[in-house]
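What follows is coords.pdb (PDB, C-alpha atoms).
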ATOM      1  CA  MET X 203       0.000   0.000   0.000
ATOM      2  CA  LYS X 204       1.417   3.357  -1.067
ATOM      3  CA  PHE X 205       1.772   6.273   1.335
ATOM      4  CA  GLY X 206      -1.238   8.141  -0.073
ATOM      5  CA  GLU X 207      -3.518   5.109   0.098
ATOM      6  CA  ARG X 208      -2.436   4.307   3.628
ATOM      7  CA  LEU X 209      -2.940   7.916   4.709
ATOM      8  CA  LYS X 210      -6.432   7.942   3.225
ATOM      9  CA  THR X 211      -7.324   4.684   4.983
ATOM     10  CA  LEU X 212      -6.077   5.965   8.340
ATOM     11  CA  ARG X 213      -7.923   9.264   7.921
ATOM     12  CA  ARG X 214     -11.231   7.547   7.127
ATOM     13  CA  ARG X 215     -10.725   5.181  10.058
ATOM     14  CA  SER X 216     -10.412   8.247  12.281
ATOM     15  CA  GLY X 217     -13.606   9.741  10.861
ATOM     16  CA  LEU X 218     -11.887  12.915   9.663
ATOM     17  CA  SER X 219     -12.211  14.869   6.421
ATOM     18  CA  GLN X 220      -9.232  16.007   4.374
ATOM     19  CA  GLN X 221      -9.919  19.595   5.436
ATOM     20  CA  GLU X 222      -9.936  18.654   9.131
ATOM     21  CA  VAL X 223      -6.578  16.888   8.892
ATOM     22  CA  ALA X 224      -5.100  19.740   6.848
ATOM     23  CA  ASP X 225      -6.226  22.280   9.462
ATOM     24  CA  LYS X 226      -4.773  20.228  12.304
ATOM     25  CA  ILE X 227      -1.308  19.969  10.741
ATOM     26  CA  GLY X 228      -1.357  23.562   9.508
ATOM     27  CA  ILE X 229      -1.291  23.166   5.722
ATOM     28  CA  SER X 230      -3.708  23.920   2.889
ATOM     29  CA  LEU X 231      -6.351  21.449   1.719
ATOM     30  CA  ARG X 232      -4.661  21.335  -1.681
ATOM     31  CA  ALA X 233      -1.319  20.398  -0.115
ATOM     32  CA  TYR X 234      -2.881  17.654   1.989
ATOM     33  CA  ALA X 235      -4.929  16.288  -0.914
ATOM     34  CA  ALA X 236      -1.660  15.829  -2.824
ATOM     35  CA  TYR X 237      -0.486  13.487  -0.059
ATOM     36  CA  GLU X 238      -3.422  11.162  -0.693
ATOM     37  CA  THR X 239      -3.992  11.497  -4.440
ATOM     38  CA  LYS X 240      -0.484  12.102  -5.800
ATOM     39  CA  ASN X 241       1.481  10.132  -3.188
ATOM     40  CA  VAL X 242       3.442  13.291  -2.313
ATOM     41  CA  ARG X 243       5.304  12.915   0.978
ATOM     42  CA  PRO X 244       5.794  15.589   3.661
ATOM     43  CA  ARG X 245       9.260  17.189   3.734
ATOM     44  CA  LYS X 246       9.438  17.655   7.488
ATOM     45  CA  MET X 247       9.611  14.995  10.175
ATOM     46  CA  GLU X 248       7.356  17.171  12.338
ATOM     47  CA  THR X 249       4.559  16.710   9.789
ATOM     48  CA  TYR X 250       4.818  12.925  10.073
ATOM     49  CA  GLU X 251       4.675  13.261  13.857
ATOM     50  CA  LYS X 252       1.542  15.435  13.680
ATOM     51  CA  LEU X 253      -0.149  13.040  11.255
ATOM     52  CA  ALA X 254       0.647  10.055  13.474
ATOM     53  CA  ASP X 255      -0.823  11.846  16.488
ATOM     54  CA  ILE X 256      -3.971  12.934  14.635
ATOM     55  CA  LEU X 257      -4.546   9.538  13.019
ATOM     56  CA  SER X 258      -3.635   7.511  16.137
ATOM     57  CA  CYS X 259      -0.896   5.495  14.453
ATOM     58  CA  GLU X 260       2.844   4.985  14.716
ATOM     59  CA  VAL X 261       5.153   7.306  12.760
ATOM     60  CA  ASN X 262       6.830   4.283  11.203
ATOM     61  CA  GLU X 263       3.507   3.233   9.651
ATOM     62  CA  LEU X 264       3.741   6.393   7.576
ATOM     63  CA  LEU X 265       7.454   6.061   6.802
ATOM     64  CA  VAL X 266       7.425   2.471   5.565
ATOM     65  CA  GLU X 267       6.363   2.285   1.924
ATOM     66  CA  ASP X 268       4.441  -1.006   1.874
ATOM     67  CA  THR X 269       3.033  -2.407   5.124
ATOM     68  CA  ASN X 270       1.642  -5.476   3.340
ATOM     69  CA  LYS X 271       5.140  -6.863   2.864
ATOM     70  CA  PRO X 272       6.501  -8.934   5.786
ATOM     71  CA  SER X 273       9.843  -7.081   5.720
ATOM     72  CA  ALA X 274       8.112  -3.692   5.831
ATOM     73  CA  LYS X 275       5.945  -4.781   8.748
ATOM     74  CA  LEU X 276       9.079  -5.923  10.517
ATOM     75  CA  LEU X 277      10.810  -2.593   9.930
ATOM     76  CA  ALA X 278       7.846  -0.713  11.357
ATOM     77  CA  GLY X 279       7.508  -3.012  14.347
ATOM     78  CA  LEU X 280      11.180  -2.804  15.277
ATOM     79  CA  GLY X 281      11.263   0.958  14.856
ATOM     80  CA  LEU X 282      14.350   0.972  12.667
ATOM     81  CA  PHE X 283      13.793   4.618  11.828
ATOM     82  CA  GLY X 284      14.518   5.583  15.436
ATOM     83  CA  LEU X 285      17.375   7.920  16.266
ATOM     84  CA  GLY X 286      20.752   6.616  17.428
ATOM     85  CA  THR X 287      21.978   8.093  20.709
ATOM     86  CA  SER X 288      25.728   7.607  20.467
ATOM     87  CA  LEU X 289      27.577  10.520  22.036
ATOM     88  CA  THR X 290      30.836  10.013  20.172
ATOM     89  CA  GLY X 291      30.190  12.630  17.505
ATOM     90  CA  SER X 292      27.581  14.550  15.541
ATOM     91  CA  ILE X 293      27.047  11.787  12.995
ATOM     92  CA  GLY X 294      26.467   9.201  15.686
ATOM     93  CA  ALA X 295      24.430  11.526  17.857
ATOM     94  CA  LEU X 296      22.193  13.097  15.260
ATOM     95  CA  ALA X 297      22.300  11.002  12.122
ATOM     96  CA  ALA X 298      22.947   7.309  12.753
ATOM     97  CA  ALA X 299      19.925   5.073  13.333
ATOM     98  CA  ALA X 300      20.283   2.175  15.752
ATOM     99  CA  VAL X 301      19.624  -1.458  14.830
ATOM    100  CA  THR X 302      19.736  -4.067  17.569
ATOM    101  CA  PRO X 303      21.449  -7.470  17.081
ATOM    102  CA  LEU X 304      17.985  -9.034  17.301
ATOM    103  CA  ALA X 305      16.820  -6.857  14.412
ATOM    104  CA  TYR X 306      19.772  -7.950  12.294
ATOM    105  CA  SER X 307      19.115 -11.573  13.164
ATOM    106  CA  ILE X 308      15.474 -11.388  12.103
ATOM    107  CA  LEU X 309      15.979  -9.207   9.025
ATOM    108  CA  ASN X 310      18.681 -11.470   7.637
ATOM    109  CA  ARG X 311      16.170 -14.269   7.287
ATOM    110  CA  ASN X 312      14.538 -14.760   3.899
ATOM    111  CA  GLU X 313      12.602 -11.689   2.731
ATOM    112  CA  GLY X 314      14.106  -9.454   5.454
ATOM    113  CA  LYS X 315      17.630  -9.563   4.002
ATOM    114  CA  GLU X 316      16.775  -7.415   0.985
ATOM    115  CA  ALA X 317      14.984  -4.889   3.197
ATOM    116  CA  LEU X 318      17.998  -4.648   5.495
ATOM    117  CA  ASP X 319      20.404  -4.083   2.593
ATOM    118  CA  GLU X 320      18.203  -1.303   1.218
ATOM    119  CA  TRP X 321      17.858   0.220   4.677
ATOM    120  CA  GLU X 322      21.638   0.221   5.221
ATOM    121  CA  ARG X 323      22.257   1.927   1.879
ATOM    122  CA  GLU X 324      19.753   4.621   2.781
ATOM    123  CA  GLN X 325      21.365   5.212   6.185
ATOM    124  CA  ASN X 326      24.789   5.545   4.564
ATOM    125  CA  ARG X 327      23.435   8.051   2.058
ATOM    126  CA  ILE X 328      21.741  10.140   4.779
ATOM    127  CA  ALA X 329      24.810  10.038   7.012
ATOM    128  CA  LEU X 330      27.023  11.252   4.150
ATOM    129  CA  GLN X 331      24.658  14.115   3.326
ATOM    130  CA  TYR X 332      24.505  15.055   6.988
ATOM    131  CA  GLU X 333      28.284  15.008   7.312
ATOM    132  CA  ARG X 334      28.670  17.326   4.326
ATOM    133  CA  ARG X 335      26.099  19.797   5.686
ATOM    134  CA  VAL X 336      27.719  19.854   9.119
ATOM    135  CA  LYS X 337      31.163  20.301   7.585
ATOM    136  CA  ARG X 338      30.065  23.346   5.584
ATOM    137  CA  PHE X 339      28.323  24.831   8.598
ATOM    138  CA  SER X 340      31.170  24.133  11.037
ATOM    139  CA  THR X 341      33.780  25.607   8.690
ATOM    140  CA  ALA X 342      31.797  28.841   8.439
ATOM    141  CA  ALA X 343      31.180  28.999  12.207
ATOM    142  CA  ILE X 344      34.813  28.390  13.172
ATOM    143  CA  GLY X 345      35.892  31.047  10.687
ATOM    144  CA  MET X 346      33.664  33.592  12.448
ATOM    145  CA  ILE X 347      35.014  32.634  15.877
ATOM    146  CA  LEU X 348      38.654  32.806  14.770
ATOM    147  CA  THR X 349      37.969  36.256  13.318
ATOM    148  CA  GLU X 350      36.468  37.472  16.607
ATOM    149  CA  LEU X 351      39.339  36.051  18.646
ATOM    150  CA  GLY X 352      41.807  37.679  16.303
ATOM    151  CA  LYS X 353      40.152  41.043  16.911
ATOM    152  CA  LYS X 354      40.660  40.483  20.647
ATOM    153  CA  GLY X 355      44.329  39.700  20.082
ATOM    154  CA  ILE X 356      43.937  36.066  21.186
ATOM    155  CA  SER X 357      46.289  33.644  19.443
ATOM    156  CA  CYS X 358      44.725  30.263  18.583
ATOM    157  CA  ARG X 359      44.780  27.372  16.137
ATOM    158  CA  VAL X 360      42.455  24.542  15.066
ATOM    159  CA  GLY X 361      43.130  21.217  16.803
ATOM    160  CA  GLU X 362      42.724  17.609  15.641
ATOM    161  CA  VAL X 363      39.878  15.826  17.439
ATOM    162  CA  LYS X 364      41.572  12.466  16.953
ATOM    163  CA  ASP X 365      44.466  13.700  19.087
ATOM    164  CA  LEU X 366      42.297  14.314  22.153
ATOM    165  CA  ALA X 367      43.246  11.841  24.897
ATOM    166  CA  ILE X 368      40.082  11.946  26.982
ATOM    167  CA  LYS X 369      37.344   9.678  28.234
ATOM    168  CA  GLY X 370      33.734  10.434  27.411
ATOM    169  CA  SER X 371      32.206  12.400  24.576
ATOM    170  CA  VAL X 372      34.387  14.266  22.091
ATOM    171  CA  PRO X 373      33.514  17.479  20.199
ATOM    172  CA  ASP X 374      32.849  17.895  16.499
ATOM    173  CA  ASP X 375      35.780  20.330  16.326
ATOM    174  CA  TYR X 376      37.922  22.367  18.703
ATOM    175  CA  ILE X 377      40.529  25.096  18.816
ATOM    176  CA  ILE X 378      43.614  25.519  21.007
ATOM    177  CA  LEU X 379      44.230  28.915  22.617
ATOM    178  CA  ASP X 380      47.711  30.172  23.472
ATOM    179  CA  ASN X 381      48.538  32.089  26.649
ATOM    180  CA  HIS X 382      44.951  32.153  27.885
ATOM    181  CA  GLU X 383      43.215  30.832  30.998
ATOM    182  CA  VAL X 384      41.111  28.639  28.685
ATOM    183  CA  ASN X 385      43.352  26.246  26.763
ATOM    184  CA  GLU X 386      40.764  24.449  24.629
ATOM    185  CA  TRP X 387      37.436  25.463  23.139
ATOM    186  CA  TRP X 388      35.211  22.580  22.039
ATOM    187  CA  PHE X 389      32.318  22.857  19.567
ATOM    188  CA  VAL X 390      29.173  20.916  18.702
ATOM    189  CA  PHE X 391      27.223  22.063  15.628
ATOM    190  CA  TRP X 392      23.598  21.941  14.485
ATOM    191  CA  CYS X 393      22.199  23.872  11.525
ATOM    192  CA  SER X 394      18.591  24.527  10.555
ATOM    193  CA  GLU X 395      19.082  22.709   7.248
ATOM    194  CA  ASN X 396      19.212  19.467   9.222
ATOM    195  CA  ARG X 397      15.642  19.993  10.400
ATOM    196  CA  GLU X 398      14.375  19.877   6.823
ATOM    197  CA  ASN X 399      16.176  16.634   6.035
ATOM    198  CA  GLU X 400      16.139  14.603   9.244
ATOM    199  CA  GLN X 401      14.218  11.392   8.656
ATOM    200  CA  TYR X 402      14.274  10.157  12.225
ATOM    201  CA  PHE X 403      11.624  10.163  14.885
ATOM    202  CA  ILE X 404      12.866  12.786  17.310
ATOM    203  CA  SER X 405      10.976  15.739  18.748
ATOM    204  CA  ASN X 406      12.377  19.254  19.025
ATOM    205  CA  GLU X 407      12.583  18.806  22.790
ATOM    206  CA  GLY X 408      14.496  15.564  22.362
ATOM    207  CA  ARG X 409      16.878  17.231  19.922
ATOM    208  CA  THR X 410      17.663  20.074  22.345
ATOM    209  CA  TYR X 411      18.321  17.637  25.203
ATOM    210  CA  LEU X 412      20.581  15.613  22.928
ATOM    211  CA  LEU X 413      22.642  18.675  22.024
ATOM    212  CA  PHE X 414      22.693  19.954  25.605
ATOM    213  CA  ASN X 415      23.935  16.643  26.947
ATOM    214  CA  ARG X 416      26.684  15.991  24.406
ATOM    215  CA  PHE X 417      29.329  16.791  27.023
ATOM    216  CA  GLY X 418      27.585  15.073  29.922
ATOM    217  CA  PRO X 419      29.922  12.016  30.008
ATOM    218  CA  THR X 420      33.052  14.214  29.925
ATOM    219  CA  ILE X 421      34.769  15.272  33.145
ATOM    220  CA  PRO X 422      34.691  19.102  33.366
ATOM    221  CA  ASP X 423      37.982  20.958  33.102
ATOM    222  CA  PRO X 424      38.361  24.584  34.275
ATOM    223  CA  LYS X 425      40.719  25.219  31.341
ATOM    224  CA  ARG X 426      38.198  24.002  28.766
ATOM    225  CA  LYS X 427      35.183  25.732  27.288
ATOM    226  CA  ALA X 428      32.478  24.007  25.219
ATOM    227  CA  SER X 429      29.860  25.599  22.983
ATOM    228  CA  ILE X 430      26.808  24.445  21.040
ATOM    229  CA  ILE X 431      26.733  26.441  17.807
ATOM    230  CA  LEU X 432      23.571  26.759  15.727
ATOM    231  CA  ASP X 433      21.785  29.102  13.340
ATOM    232  CA  ASP X 434      18.194  28.638  14.486
ATOM    233  CA  GLU X 435      16.674  31.096  16.972
ATOM    234  CA  GLU X 436      13.975  28.630  18.031
ATOM    235  CA  MET X 437      16.572  26.013  18.924
ATOM    236  CA  PHE X 438      18.721  28.655  20.644
ATOM    237  CA  LYS X 439      15.836  29.657  22.918
ATOM    238  CA  ALA X 440      14.905  26.031  23.604
ATOM    239  CA  ILE X 441      18.443  25.188  24.714
ATOM    240  CA  CYS X 442      18.652  28.321  26.864
ATOM    241  CA  LYS X 443      15.595  27.086  28.767
ATOM    242  CA  LEU X 444      17.602  24.055  29.871
ATOM    243  CA  LYS X 445      20.095  26.218  31.762
ATOM    244  CA  GLY X 446      20.457  24.880  35.306
ATOM    245  CA  ARG X 447      18.731  21.608  34.411
ATOM    246  CA  ASN X 448      21.865  19.634  33.670
ATOM    247  CA  SER X 449      24.395  17.888  35.898
ATOM    248  CA  TYR X 450      27.339  18.982  33.732
ATOM    249  CA  ARG X 451      29.300  21.713  35.495
ATOM    250  CA  GLY X 452      31.919  22.593  32.926
ATOM    251  CA  ASN X 453      32.118  25.868  31.006
ATOM    252  CA  LEU X 454      29.302  25.520  28.462
ATOM    253  CA  THR X 455      27.610  28.104  26.224
ATOM    254  CA  VAL X 456      25.232  28.172  23.262
ATOM    255  CA  ILE X 457      26.019  30.464  20.322
ATOM    256  CA  LEU X 458      23.623  31.704  17.658
ATOM    257  CA  ILE X 459      25.183  32.658  14.325
ATOM    258  CA  ASP X 460      23.965  34.045  11.007
ATOM    259  CA  VAL X 461      25.740  32.209   8.202
ATOM    260  CA  ASP X 462      24.426  34.489   5.442
ATOM    261  CA  GLU X 463      25.655  37.598   7.253
ATOM    262  CA  SER X 464      28.810  35.829   8.523
ATOM    263  CA  LYS X 465      28.371  37.106  12.046
ATOM    264  CA  ILE X 466      27.879  35.916  15.596
ATOM    265  CA  ILE X 467      24.543  37.154  16.917
ATOM    266  CA  LYS X 468      24.660  36.214  20.597
ATOM    267  CA  GLU X 469      26.025  33.777  23.160
ATOM    268  CA  GLU X 470      24.414  32.496  26.361
ATOM    269  CA  LEU X 471      26.193  30.871  29.302
ATOM    270  CA  LEU X 472      24.584  27.521  30.220
ATOM    271  CA  SER X 473      26.905  26.280  32.959
ATOM    272  CA  SER X 474      30.239  27.164  34.555
ATOM    273  CA  PHE X 475      33.019  25.193  36.211
ATOM    274  CA  ASN X 476      33.057  27.721  39.026
ATOM    275  CA  MET X 477      29.490  28.033  40.283
ATOM    276  CA  ASN X 478      30.300  31.507  41.617
ATOM    277  CA  ASP X 479      31.122  32.819  38.154
ATOM    278  CA  THR X 480      28.544  35.204  36.758
ATOM    279  CA  GLU X 481      30.200  35.816  33.404
ATOM    280  CA  ASP X 482      31.781  33.642  30.774
ATOM    281  CA  LYS X 483      35.562  34.020  30.880
ATOM    282  CA  LEU X 484      35.801  33.873  27.096
ATOM    283  CA  ALA X 485      32.668  35.532  25.738
ATOM    284  CA  ILE X 486      32.602  36.596  22.102
ATOM    285  CA  ILE X 487      29.128  38.028  22.496
ATOM    286  CA  ARG X 488      27.673  40.364  19.947
ATOM    287  CA  LYS X 489      24.401  41.833  21.078
ATOM    288  CA  GLU X 490      21.547  41.167  18.696
ATOM    289  CA  GLU X 491      20.967  44.182  16.490
TER
END

Let me see whether you can do it: turn the structure in this file into structure tokens.
Amino acid sequence: MKFGERLKTLRRRSGLSQQEVADKIGISLRAYAAYETKNVRPRKMETYEKLADILSCEVNELLVEDTNKPSAKLLAGLGLFGLGTSLTGSIGALAAAAVTPLAYSILNRNEGKEALDEWEREQNRIALQYERRVKRFSTAAIGMILTELGKKGISCRVGEVKDLAIKGSVPDDYIILDNHEVNEWWFVFWCSENRENEQYFISNEGRTYLLFNRFGPTIPDPKRKASIILDDEEMFKAICKLKGRNSYRGNLTVILIDVDESKIIKEELLSSFNMNDTEDKLAIIRKEE
């Protein structure tokens, strides 16, 4: 059963009209009708989540193309479109989906093997796209930060993450500062483009907690600063709300940037190694204009 047919069946089962569903998810009747009649799929994961809630079904029922096939039913039942929660890097934390050994065992039998192969190819493709987006975004963000530090007369250089000899989570990138009370500045990146392309079942709240807790397993160091860098004001505000609701007590901030304008908009302190500190020791804040 195609996506449009399945959507139509679920809507009728719920006793709703096309207009009612369209109103509930915040799109036009014409746009919704295209889902059912032209098999057009939503672009945003949030739309799938809203549809699943309205139609009282699982998100995976909408993601899997043909629920009449045994392998597709198995994929939906095992939730293979769920988000991986590895904290070893941005690809693992925000892009890699998790498959349990049991899932592999079952899917490798008969008709499930082909479904697994196709699923793995898709995950590799998505992970590669994600990596390229993050790389472009991180390069631009680090360039802005190096420029600001240069204006302050602070000497620094980009470090190699693979050279970090630590236990716990590692950053996406980091820089080394010379002759400063902070020796290392770690970064985790998230850009708004990811929201449009993420194909995993994760809410906005879950995404903010995931970003906020990237450094949770790492022992705080007074000579280290960590920052979450993003370009989305909504995400910036959501993460700021988590201030004081995390056990991590290292120097941690969230930075909002404008890639198009190549500027840092603002920075907010989330936690500090010294609980008596009231200001970030290495702020590059630019007040929002």

Residues within 9 Å of range 252-258 of chain X, all atoms listed in the file, excluding chain neighbours under 3 positions, as an mmCIF file with C-alpha atoms, keeping the file's coordinate frame:
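around_20.cif, freshly written:
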data_model
loop_
_atom_site.group_PDB
_atom_site.id
_atom_site.type_symbol
_atom_site.label_atom_id
_atom_site.label_comp_id
_atom_site.auth_asym_id
_atom_site.auth_seq_id
_atom_site.Cartn_x
_atom_site.Cartn_y
_atom_site.Cartn_z
ATOM 1 C CA LEU X 209 -2.940 7.916 4.709
ATOM 2 C CA LEU X 212 -6.077 5.965 8.340
ATOM 3 C CA ARG X 213 -7.923 9.264 7.921
ATOM 4 C CA ARG X 215 -10.725 5.181 10.058
ATOM 5 C CA SER X 216 -10.412 8.247 12.281
ATOM 6 C CA LEU X 218 -11.887 12.915 9.663
ATOM 7 C CA VAL X 223 -6.578 16.888 8.892
ATOM 8 C CA LYS X 226 -4.773 20.228 12.304
ATOM 9 C CA ILE X 227 -1.308 19.969 10.741
ATOM 10 C CA MET X 247 9.611 14.995 10.175
ATOM 11 C CA GLU X 248 7.356 17.171 12.338
ATOM 12 C CA THR X 249 4.559 16.710 9.789
ATOM 13 C CA VAL X 261 5.153 7.306 12.760
ATOM 14 C CA ASN X 262 6.830 4.283 11.203
ATOM 15 C CA GLU X 263 3.507 3.233 9.651
ATOM 16 C CA LEU X 264 3.741 6.393 7.576
#

Legend entry - Residue neighbourhood Gln221 in chain X, 7 Å, only C-alpha atoms, exclusion window fewer than 3 positions, as a PyMOL selection string: chain X and resi 224-225+231

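Of the listed residues (X:Val461, X:Ala440, X:Ile378, X:Leu471), X:Ile378 comes nearest to Cys358 in chain X; the distances count only C-alpha atoms.
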
Near-Trp387 in chain X list (6 Å; all atoms listed in the file; drop same-chain fewer than 4 positions) as a compact mmCIF listing (two decimals) with C-alpha atoms, in the frame of the given file:
# COMPACT_ATOMS: atom_id res chain seq x y z
CA TYR X 376 37.92 22.37 18.70
CA ILE X 377 40.53 25.10 18.82
CA ARG X 426 38.20 24.00 28.77
CA LYS X 427 35.18 25.73 27.29
CA ALA X 428 32.48 24.01 25.22

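Across X:Cys393, X:Gly452, X:Lys425, X:Leu412, the tightest approach to Asp380 in chain X is made by X:Lys425 when counting all atoms listed in the file.
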
Legend entry - Explicit residue set for the PyMOL selection byres ((chain X and resi 462) around 12), as a ChimeraX atom specification: /X:339,342-343,346,433,459-461,463-467

Output C-alpha atoms for every residue in that selection, as a PDB file, in the frame of the given file.
ATOM      1  CA  PHE X 339      28.323  24.831   8.598  1.00  0.00           C
ATOM      2  CA  ALA X 342      31.797  28.841   8.439  1.00  0.00           C
ATOM      3  CA  ALA X 343      31.180  28.999  12.207  1.00  0.00           C
ATOM      4  CA  MET X 346      33.664  33.592  12.448  1.00  0.00           C
ATOM      5  CA  ASP X 433      21.785  29.102  13.340  1.00  0.00           C
ATOM      6  CA  ILE X 459      25.183  32.658  14.325  1.00  0.00           C
ATOM      7  CA  ASP X 460      23.965  34.045  11.007  1.00  0.00           C
ATOM      8  CA  VAL X 461      25.740  32.209   8.202  1.00  0.00           C
ATOM      9  CA  GLU X 463      25.655  37.598   7.253  1.00  0.00           C
ATOM     10  CA  SER X 464      28.810  35.829   8.523  1.00  0.00           C
ATOM     11  CA  LYS X 465      28.371  37.106  12.046  1.00  0.00           C
ATOM     12  CA  ILE X 466      27.879  35.916  15.596  1.00  0.00           C
ATOM     13  CA  ILE X 467      24.543  37.154  16.917  1.00  0.00           C
TER      14      ILE X 467
END

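CA of Glu207 in chain X is found 9.6 Å from CA of Lys240 in chain X.
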
Legend entry - Given all atoms listed in the file as the counted atoms, nearest of X:Ala367, X:Val384, X:Ile441, X:Ala235 to Asn453 in chain X: X:Val384

As a check of understanding, name the residues that the PyMOL selection byres ((chain X and resi 472) around 9) selects in the supplied structure, as a tab-separated table (two decimals) with C-alpha atoms, keeping the file's coordinate frame.
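result21.tsv was written with the following content:
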chain	number	residue	atom	x	y	z
X	441	ILE	CA	18.44	25.19	24.71
X	442	CYS	CA	18.65	28.32	26.86
X	444	LEU	CA	17.60	24.06	29.87
X	445	LYS	CA	20.10	26.22	31.76
X	446	GLY	CA	20.46	24.88	35.31
X	453	ASN	CA	32.12	25.87	31.01
X	454	LEU	CA	29.30	25.52	28.46
X	455	THR	CA	27.61	28.10	26.22
X	456	VAL	CA	25.23	28.17	23.26
X	470	GLU	CA	24.41	32.50	26.36
X	471	LEU	CA	26.19	30.87	29.30
X	473	SER	CA	26.90	26.28	32.96
X	474	SER	CA	30.24	27.16	34.56
